[in-house]
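Shown next, in structure tokens, is the structure this report addresses.
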Amino acid sequence: MTLLETERVAVSPVRRGTTPRRTGGGRAGYFFVAGYALLLLAFGVFPTGYAFYLSLTNDRGQFTGLNQFTKVIQDYRFAPAFTHMLIYLVMWLVTLVVLVVLTAVVLRSRVRPGTSALFRFLYYIPGALAGVASVLVWLFMLDPDVSPVSWLLTALGFKAFAAVLAPGNLPLILMLIAFWTGAGGWMVVMYGALNNIPDEVLEAARVDGAGPWRTAWHVQIPMIRQWIVYMAIMAFATGTQLFVEPQLLQTASLGRVSPTWSPNQLAYVYAFQQGDFNGAAAISVVLLAVGLLAAGLLVARSNLFKLDEK
């Protein structure tokens with residue numbers, strides 16, 4: 001065999017007329033996905049299906065159509081609960097998107113890599129606290145008698161804890177709690193998305209005369225738009241599940257906060273105080289429909305799942 005023939009044999013991975021042997025990678029993929037699929041069915045699909053069944057029947061299992069939905073929508077507590085949730089969601093989403101993206105851009109362009117790592121770690125620390133612990137921390141911070149920023153609360157006109165927890169202040173308070181606990185993790189995600197932008201693109205923007213803010217607005221933010229939409233969808237879904245925070249604030253305020261302030265609280269009252277699980281299921285289905293509608297609009301308008309053409 002000549003040297004040229006030897007090289008041809010070494011380079012060719014499969015001989016002509018033979019079939020490559022499968023490595024079993026496909027089965028391994030199914031194995032890794034199986035655990036998630038089982039948990040999704042057990043704690044996602046089946047409970048959702050059962051909620052739909054309960055919302056269309058009565059306590060005797062008889063089909064009632066949309067009667068459960070009509071009943072809960074006509075409840076005098078339904079409209080205020082959803083109004084409170086929507087006000088909170090608007091404040092929460094606007095604050096989250098603007099401040100998270102702005103902070104990530106500043107960290108990416110203005111702060112040295114070593115220092116930015118320290119900042120990202122500090123931002124992420126509040127997210128390690130559970131929702132209950134976060135509320136307790138903020139109850140301490142918002143009490144003028146013990147808060148380390150009592151001078152600020154007094155300057156704003158809040159001289160008593162009850163005044164701070166007035167019903168009109170709840171959307172702002174809940175937004176602050178949610179931002180403090182959830183924004184840090186999203187800052188890390190947005191910072192990572194900005195790092196995926198090729199340096200050649202940013203250099204071309206600088207050559208064309210774009211400053212830091214024009215580069216951020218016309219180059220960086222459009223290139224991470226899909227990540228921003230993903231953040232908005234996840235934050236919206238989290239915001240519609242508001243329960244722990246207003247429930248604890250209702251207890252701390254000694255009844256000044258309504259026990260049905262959010263839709264989830266109203267569903268809790270239906271299920272565990274009135275024994276009406278069918279009405280609670282109807283409220284949960286309405287929340288699911290609101291979340292799916294919002295997510296669908298964001299996905300459709302942003303082309304979130306559009307594949308890049310090669």
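Following the order of the structure tokens, chains are lettered A, B, ..., residues in each are numbered from 1, and ligands are numbered from 1.
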Could you give me, as a Markdown table, a per-residue list for range 129-237 of chain A showing, wherever an atom lies at most 12 Å from an atom of range 280-303 of chain A, the closest pair of atoms and their distance in Å to one decimal, using only C-alpha atoms and sorting by chain then residue number from low to high?
| residue | atom | partner | partner_atom | distance |
| --- | --- | --- | --- | --- |
| A:Pro222 | CA | A:Ser302 | CA | 10.7 |
| A:Met223 | CA | A:Ser302 | CA | 11.8 |
| A:Ile224 | CA | A:Ser302 | CA | 11.1 |
| A:Arg225 | CA | A:Ser302 | CA | 7.7 |
| A:Gln226 | CA | A:Ser302 | CA | 6.8 |
| A:Trp227 | CA | A:Ser302 | CA | 10.2 |
| A:Ile228 | CA | A:Ser302 | CA | 9.8 |
| A:Val229 | CA | A:Leu298 | CA | 6.8 |
| A:Tyr230 | CA | A:Val299 | CA | 8.5 |
| A:Met231 | CA | A:Leu298 | CA | 10.8 |
| A:Ala232 | CA | A:Leu298 | CA | 8.5 |
| A:Ile233 | CA | A:Ala295 | CA | 5.7 |
| A:Met234 | CA | A:Ala295 | CA | 8.7 |
| A:Ala235 | CA | A:Gly291 | CA | 10.5 |
| A:Phe236 | CA | A:Gly291 | CA | 7.3 |
| A:Ala237 | CA | A:Gly291 | CA | 6.1 |
Q | Residue contacts of Thr154 in chain A (12 Å, only C-alpha atoms) excluding same-chain residues fewer than 4 positions away, as a PyMOL selection string | A | chain A and resi 142-145+147-150+158-161+163-164
Q: Pick out the closest residue to Trp213 in chain A from this set: A:Ser109, A:Gln247, A:Ser55, A:Gln68. Count only C-alpha atoms.
A: A:Ser109
Q | DSSP alpha helix (DSSP H) residues within range 29-100 of chain A, as a VMD selection string | A | chain A and resid 29 to 40 46 to 55 67 to 73 78 to 100
Q | Contacts of range 255-261 of chain A at 9 Å (only C-alpha atoms; same-chain gap of 5+ positions) as a PyMOL selection string | A | chain A and resi 77-78+80-82+84-85+162+165-167+170+243+246-247+249-250+266-269
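Proximity to Leu194 in chain A was assessed for A:Pro212, A:Asn264, A:Pro47, A:Val219 counting only C-alpha atoms; the smallest distance is recorded for A:Val219.
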**Q.** Nearest residue to Ala216 in chain A from the set A:Val72, A:Val244, A:Ala271, A:Leu107 (distances using only C-alpha atoms)
**A.** A:Leu107
For Val201 in chain A, work out the shell of residues within 10 Å, counting only C-alpha atoms and skipping chain neighbours fewer than 3 positions away, then give it as an mmCIF file with all heavy atoms, in the first residue's frame.
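Result saved to part.cif:
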data_model
loop_
_atom_site.group_PDB
_atom_site.id
_atom_site.type_symbol
_atom_site.label_atom_id
_atom_site.label_comp_id
_atom_site.auth_asym_id
_atom_site.auth_seq_id
_atom_site.Cartn_x
_atom_site.Cartn_y
_atom_site.Cartn_z
ATOM 1 N N ILE A 197 -22.813 39.338 22.702
ATOM 2 C CA ILE A 197 -22.731 40.205 21.527
ATOM 3 C C ILE A 197 -21.275 40.286 21.091
ATOM 4 O O ILE A 197 -20.394 40.599 21.893
ATOM 5 C CB ILE A 197 -23.269 41.607 21.854
ATOM 6 C CG1 ILE A 197 -24.738 41.522 22.278
ATOM 7 C CG2 ILE A 197 -23.113 42.540 20.660
ATOM 8 C CD1 ILE A 197 -25.327 42.854 22.708
ATOM 9 N N PRO A 198 -20.973 39.995 19.829
ATOM 10 C CA PRO A 198 -19.573 40.009 19.376
ATOM 11 C C PRO A 198 -18.934 41.387 19.561
ATOM 12 O O PRO A 198 -19.566 42.426 19.353
ATOM 13 C CB PRO A 198 -19.680 39.647 17.887
ATOM 14 C CG PRO A 198 -20.983 38.931 17.757
ATOM 15 C CD PRO A 198 -21.898 39.558 18.767
ATOM 16 N N ALA A 204 -17.656 48.224 15.621
ATOM 17 C CA ALA A 204 -18.187 48.876 14.420
ATOM 18 C C ALA A 204 -19.083 50.058 14.786
ATOM 19 O O ALA A 204 -19.066 51.093 14.120
ATOM 20 C CB ALA A 204 -18.963 47.865 13.588
ATOM 21 N N ALA A 205 -19.867 49.908 15.881
ATOM 22 C CA ALA A 205 -20.711 51.016 16.320
ATOM 23 C C ALA A 205 -19.868 52.201 16.772
ATOM 24 O O ALA A 205 -20.188 53.361 16.478
ATOM 25 C CB ALA A 205 -21.629 50.558 17.446
ATOM 26 N N ARG A 206 -18.773 51.919 17.475
ATOM 27 C CA ARG A 206 -17.892 53.004 17.912
ATOM 28 C C ARG A 206 -17.224 53.687 16.732
ATOM 29 O O ARG A 206 -17.053 54.909 16.710
ATOM 30 C CB ARG A 206 -16.849 52.460 18.891
ATOM 31 C CG ARG A 206 -17.387 52.175 20.280
ATOM 32 C CD ARG A 206 -16.261 51.925 21.264
ATOM 33 N NE ARG A 206 -15.600 50.650 21.004
ATOM 34 C CZ ARG A 206 -15.948 49.503 21.566
ATOM 35 N NH1 ARG A 206 -16.964 49.466 22.418
ATOM 36 N NH2 ARG A 206 -15.281 48.392 21.294
ATOM 37 N N VAL A 207 -16.836 52.903 15.728
ATOM 38 C CA VAL A 207 -16.217 53.484 14.538
ATOM 39 C C VAL A 207 -17.200 54.393 13.815
ATOM 40 O O VAL A 207 -16.826 55.437 13.263
ATOM 41 C CB VAL A 207 -15.710 52.363 13.612
ATOM 42 C CG1 VAL A 207 -15.278 52.930 12.270
ATOM 43 C CG2 VAL A 207 -14.553 51.611 14.271
ATOM 44 N N THR A 215 -25.120 53.245 21.421
ATOM 45 C CA THR A 215 -24.774 51.832 21.198
ATOM 46 C C THR A 215 -25.713 50.918 21.974
ATOM 47 O O THR A 215 -26.171 49.892 21.451
ATOM 48 C CB THR A 215 -23.321 51.571 21.618
ATOM 49 O OG1 THR A 215 -22.447 52.413 20.865
ATOM 50 C CG2 THR A 215 -22.949 50.117 21.409
ATOM 51 N N VAL A 219 -27.998 49.064 19.405
ATOM 52 C CA VAL A 219 -27.267 47.829 19.109
ATOM 53 C C VAL A 219 -27.498 46.775 20.187
ATOM 54 O O VAL A 219 -28.017 45.688 19.913
ATOM 55 C CB VAL A 219 -25.751 48.101 18.960
ATOM 56 C CG1 VAL A 219 -24.997 46.796 18.695
ATOM 57 C CG2 VAL A 219 -25.497 49.098 17.839
ATOM 58 N N GLN A 220 -27.136 47.090 21.429
ATOM 59 C CA GLN A 220 -27.169 46.070 22.476
ATOM 60 C C GLN A 220 -28.585 45.642 22.839
ATOM 61 O O GLN A 220 -28.885 44.443 22.878
ATOM 62 C CB GLN A 220 -26.435 46.594 23.722
ATOM 63 C CG GLN A 220 -24.933 46.733 23.529
ATOM 64 C CD GLN A 220 -24.254 47.356 24.738
ATOM 65 O OE1 GLN A 220 -24.566 48.486 25.127
ATOM 66 N NE2 GLN A 220 -23.329 46.621 25.338
#
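When CA of Asn58 in chain A is paired with CA of Asn278 in chain A, their separation reads 6.3 Å.
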Q: Could you tell me which of A:Ala79, A:Thr48, A:Ile173, A:Val106 comes closest to Met141 in chain A if we count only C-alpha atoms?
A: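 Comparing A:Ala79, A:Thr48, A:Ile173, A:Val106 against Met141 in chain A, the winner is A:Ile173.
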Q.
Between CA of Phe277 in chain A and CA of Lys71 in chain A, what distance in Å does the model show, to one decimal?
A. 12.7 Å
Q.
Rounded to one decimal, what separation in Å do you get between CA of Glu200 in chain A and CA of Gly185 in chain A?
A. 27.5 Å
